[in-house]
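Structure first, then comments.
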Amino acid sequence: MSHLLIRGWRKVAAATVLLAAAVAITSGSIASNGAETYDLTIANGRVMDPESGLDAIRNIGIRGGKIAAISSSALEGNQSIDAKGLVVAPGFIDLHEHGQEPRNYQFQAHDGVTTSLELEAGTADVDQWYARREGKSLINFGVSVGHIPVRMKVMKDAGAFLPVGDAAHRQATPAELQLIDDDIEKGLGRGALAVGMGINYTAAATHDEIVDVFGLAAKYGASVHVHLRHAGLQEPTTGLVGIEEVIAAAAATGAPLHVVHITSMGLKNTPRLIAMVKGARERGLDATTECYPYTAGSTQLESAIFDPGWQDRQGITFKDIQWTKTGERLTAESFEKYRREGGTVVIFSIPEEATRTAVADPTVMIASDGMPLSGAKIHPRGQATFSRVLGHYVREEKALDLMTALRKMTLMPAQRLEKRAPMFKDKGRIRVGADADITVFDADRIIDKATYEEPLRYSEGIQFVLVNGVTVVKDGQLVDGIFPGRAARAPISQ
Ligand SMILES: [Zn+2]
C-alpha cells in the first residue's frame with residue numbers, strides 16, 4: 001500500500017487540490033493514528049465465505065470497489081456499516097432471471113442479489129443487450145446468446161418472449177440452420193456468458209440442430225443452460241428422456257452442461273434427474289443444475305408447452321394454471337381465450353417433496369427463474385427466491401445448513417461461469433482482491449414476503465447490499481438514483 005500512497009502524494013505536489021482529493025478517495029489515505037483508511041468498512045459481522053470456510057467475526061475494509069482487507073482487529077473507514085449480529089456473505093449470483101429491467105433489479109437487490117443473469121432464454125443481440133444496461137443498472141447484469149431468440153429471429157416467429165409460430169413448430173431448413181449457428185457463434189464472439197436453450201419451446205428443433213449448438217458452445221468453452229425438451233411424466237416424453245438428450249450432447253461435444261430448474265423438469269421424478277446430473281459429473285462430465293424454492297412454475301400460455309396433450313404430459317389440468325393478469329384459475333373456456341391473447345401463467349405442478357429435495361441438495365444451485373413484471377399476480381420467485389431459501393428452508397425447515405445454502409447461491413454459480421468469463425473468479429467470495437459485492441443479512445429475521453397473491457413485496461431481513469463497493473440497500477432500504485452495476489461478460493474475441 002505504501003508505494004501507492006507515495007505515488008499519490010507526488011501527484012498532489014504536481015497537481016491541483018481537486019486532483020489531490022480524487023487521489024485520496026481512490027487510493028486510500030492515512031488516519032491520524034497511522035492506520036490505513038478504507039472507503040468503507042463492514043464492522044463486527046459474522047463473515048461467511050463458502051470458498052475458504054471462514055465463519056467468524058471479522059472486519060472488512062473496502063477500497064476502489066474491491067475487498068481490500070479482512071481482519072479480526074478494527075479497521076478505519078470513511079464510512080462504516082455496523083454489522084454486529086448480522087451475517088456478511090458474498091452477494092448472491094442469480095444464473096437465471098428473465099426480469100432484467102430497473103424495477104426487477106430493485107426487487108432482486110432487496111433479496112440480496114448483486115449479479116443478475118439471463119442465461120436460459122438469453123438474447124439474439126448480445127451487444128445491444130449489454131449497451132441497454134451499461135451505466136443504468138443497480139446491480140451487475142449478464143446474458144447468454146439464446147438459441148430460442150436466435151431461432152425466432154431467423155425463422156421470423158411472431159412471438160414476443162417465446163415462439164408461437166415456425167420457431168416452435170417447424171424444422172429449420174439447411175439455410176436457416178446455417179443462420180442460426182452463425183448468430184450463436186457471433187454472440188459467443190461478442191462475450192455472451194453462455195448459450196441458452198429451451199428445447200421444450202422449440203419443439204420442432206431436430207436432435208441434429210441441438211447437437212450442433214452444443215458443438216459451438218464447446219468451441220468457446222461456454223456452458224449450455226438448457227430447459228429440457230421434455231418435462232413430463234409419461235414415456236416417451238419424460239424429464240428423464242429430456243436429460244438423456246443433453247447429457248449425450250454434452251458428452252459427445254465437450255460442452256459444459258447446466259440443466260435449468262430441475263424441479264419443474266423432473267416433477268415427482270426430480271431425485272432421478274438430480275442423480276443423472278450427479279452421475280454424469282462423477283464420470284467426468286462438466287454437468288450442473290439449479291432449482292428455485294417453489295412448487296409452481298411459470299411460463300407463457302401461448303408457448304409450445306401448452307400444445308394439445310399438455311394435461312397428460314404434465315399431469316395437471318386447467319385449475320392448476322393461474323392467469324397472472326388477474327390471479328384467476330383457468331377453465332377449458334378461459335384457457336382457449338387467454339392462449340389466443342397470450343400472456344404469463346403460474347403452473348402449480350411441482351410436489352413439495354421434489355422442491356425440498358433439490359433445495360437441500362448441496363450439488364444443486366439456487367437460481368430464481370424470475371419473470372418480467374407482467375401482471376399483478378406473477379410468480380414471486382424473481383422477487384424472493386434467495387430469502388425464501390435462507391428464511392424458510394434453512395431457518396424454519398432446517399432442510400440445509402446456512403453455509404451450504406450460501407455456497408449454492410454464491411460460489412457455485414461463480415465457478416459455473418469462471419472458465420468462460422474469468423471475472424467470476426472475483427465474485428461469489430469474501431476474499432481480499434474479490435469484488436465488493438456483499439450481502440449483509442439478519443439470519444434470524446430474513447424471510448420472503450412475496451407470495452402468489454401479493455408477489456410485489458420486498459424480502460425482509462437483508463440489511464445492507466453492496467455492489468462493486470457501493471451501498472444499494474442501506475438499513476433495509478433501497479438507495480435511490482445510483483447505478484453501480486457492471487456488465488458481467490466473457491472476453492470479446494471477435
Ligand atoms: Zn425454463
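To be explicit about the labels: the chains of the C-alpha cells are called A, B, and onward in the order shown, and within each one the residues are counted from 1, while ligands get numbers from 1 in the order they are shown.
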Cut-off 7 Å, only C-alpha atoms and all ligand atoms, neighbours of ligand 1 as an MDAnalysis selection string: chainID A and resid 120 198 227 260:261
Output N, CA, C and O atoms for every residue in the selection just made, as a CSV table (one decimal), in the first residue's frame.
chain,number,residue,atom,x,y,z
A,120,GLU,N,-30.9,-18.6,-19.5
A,120,GLU,CA,-31.8,-19.6,-20.1
A,120,GLU,C,-32.3,-19.2,-21.5
A,120,GLU,O,-32.0,-19.7,-22.5
A,198,GLY,N,-34.0,-23.7,-24.8
A,198,GLY,CA,-35.2,-24.1,-24.3
A,198,GLY,C,-35.9,-25.1,-25.2
A,198,GLY,O,-36.8,-24.7,-26.0
A,227,HIS,N,-33.3,-25.7,-20.8
A,227,HIS,CA,-34.6,-26.1,-20.4
A,227,HIS,C,-34.9,-27.4,-21.3
A,227,HIS,O,-34.9,-27.3,-22.5
A,260,VAL,N,-31.5,-26.2,-16.3
A,260,VAL,CA,-32.2,-25.2,-15.5
A,260,VAL,C,-33.4,-25.8,-14.8
A,260,VAL,O,-33.9,-26.9,-15.2
A,261,HIS,N,-33.8,-25.1,-13.7
A,261,HIS,CA,-35.0,-25.5,-12.9
A,261,HIS,C,-35.3,-27.0,-13.0
A,261,HIS,O,-36.3,-27.4,-13.5
Strand (DSSP E) residues, from DSSP on the backbone, in stretch 35-222 of chain A, as number ranges by chain: A: 36-48, 55-63, 66-71, 76-82, 87-90, 92-94, 113-123, 140-146, 195-198
7 Å contact set for stretch 214-226 of chain A, only C-alpha atoms, chain neighbours under 6 positions out, as a list in words: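 Returned residues: Leu119, Glu120, Glu185, Leu188, Leu193, Ala194, Val195, Gly196, Met197, Gly198, Ala249, Ala250, Thr253, Gly254, Ala255, Pro256, Leu257, His258, Val259, Val260 and Arg420 of chain A.
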A:Arg46 environment, 8 Å, only C-alpha atoms, sequence neighbours closer than 6 positions dropped, as a ChimeraX atom specification: /A:55-58,83-88
Keeping N, CA and C atoms, export the residues of the selection given above as a PDB file, in the first residue's frame.
ATOM      1  N   ASP A  55     -15.862 -18.674   8.943  1.00  0.00           N
ATOM      2  CA  ASP A  55     -17.144 -18.374   9.585  1.00  0.00           C
ATOM      3  C   ASP A  55     -16.792 -17.817  10.955  1.00  0.00           C
ATOM      4  N   ALA A  56     -16.552 -16.499  11.009  1.00  0.00           N
ATOM      5  CA  ALA A  56     -16.055 -15.881  12.235  1.00  0.00           C
ATOM      6  C   ALA A  56     -16.353 -14.382  12.206  1.00  0.00           C
ATOM      7  N   ILE A  57     -16.271 -13.753  13.369  1.00  0.00           N
ATOM      8  CA  ILE A  57     -16.470 -12.304  13.443  1.00  0.00           C
ATOM      9  C   ILE A  57     -15.230 -11.616  12.848  1.00  0.00           C
ATOM     10  N   ARG A  58     -15.467 -10.794  11.852  1.00  0.00           N
ATOM     11  CA  ARG A  58     -14.362 -10.106  11.171  1.00  0.00           C
ATOM     12  C   ARG A  58     -14.792  -8.691  10.781  1.00  0.00           C
ATOM     13  N   ALA A  83     -22.199  -4.208  11.448  1.00  0.00           N
ATOM     14  CA  ALA A  83     -22.815  -5.498  11.094  1.00  0.00           C
ATOM     15  C   ALA A  83     -22.907  -6.435  12.293  1.00  0.00           C
ATOM     16  N   LYS A  84     -22.823  -5.882  13.487  1.00  0.00           N
ATOM     17  CA  LYS A  84     -22.909  -6.723  14.699  1.00  0.00           C
ATOM     18  C   LYS A  84     -24.223  -7.513  14.683  1.00  0.00           C
ATOM     19  N   GLY A  85     -24.122  -8.807  14.870  1.00  0.00           N
ATOM     20  CA  GLY A  85     -25.309  -9.656  14.885  1.00  0.00           C
ATOM     21  C   GLY A  85     -25.808 -10.053  13.504  1.00  0.00           C
ATOM     22  N   LEU A  86     -25.103  -9.606  12.445  1.00  0.00           N
ATOM     23  CA  LEU A  86     -25.541  -9.897  11.076  1.00  0.00           C
ATOM     24  C   LEU A  86     -24.535 -10.796  10.360  1.00  0.00           C
ATOM     25  N   VAL A  87     -25.031 -11.538   9.367  1.00  0.00           N
ATOM     26  CA  VAL A  87     -24.156 -12.357   8.522  1.00  0.00           C
ATOM     27  C   VAL A  87     -23.660 -11.504   7.353  1.00  0.00           C
ATOM     28  N   VAL A  88     -22.362 -11.585   7.079  1.00  0.00           N
ATOM     29  CA  VAL A  88     -21.756 -10.880   5.940  1.00  0.00           C
ATOM     30  C   VAL A  88     -21.339 -11.939   4.926  1.00  0.00           C
TER      31      VAL A  88
END
Atom pair atom CA of A:Thr123 / atom CA of A:Pro149: separation (Å):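 Answer for the atom CA of A:Thr123 to atom CA of A:Pro149 separation: 5.9 Å.
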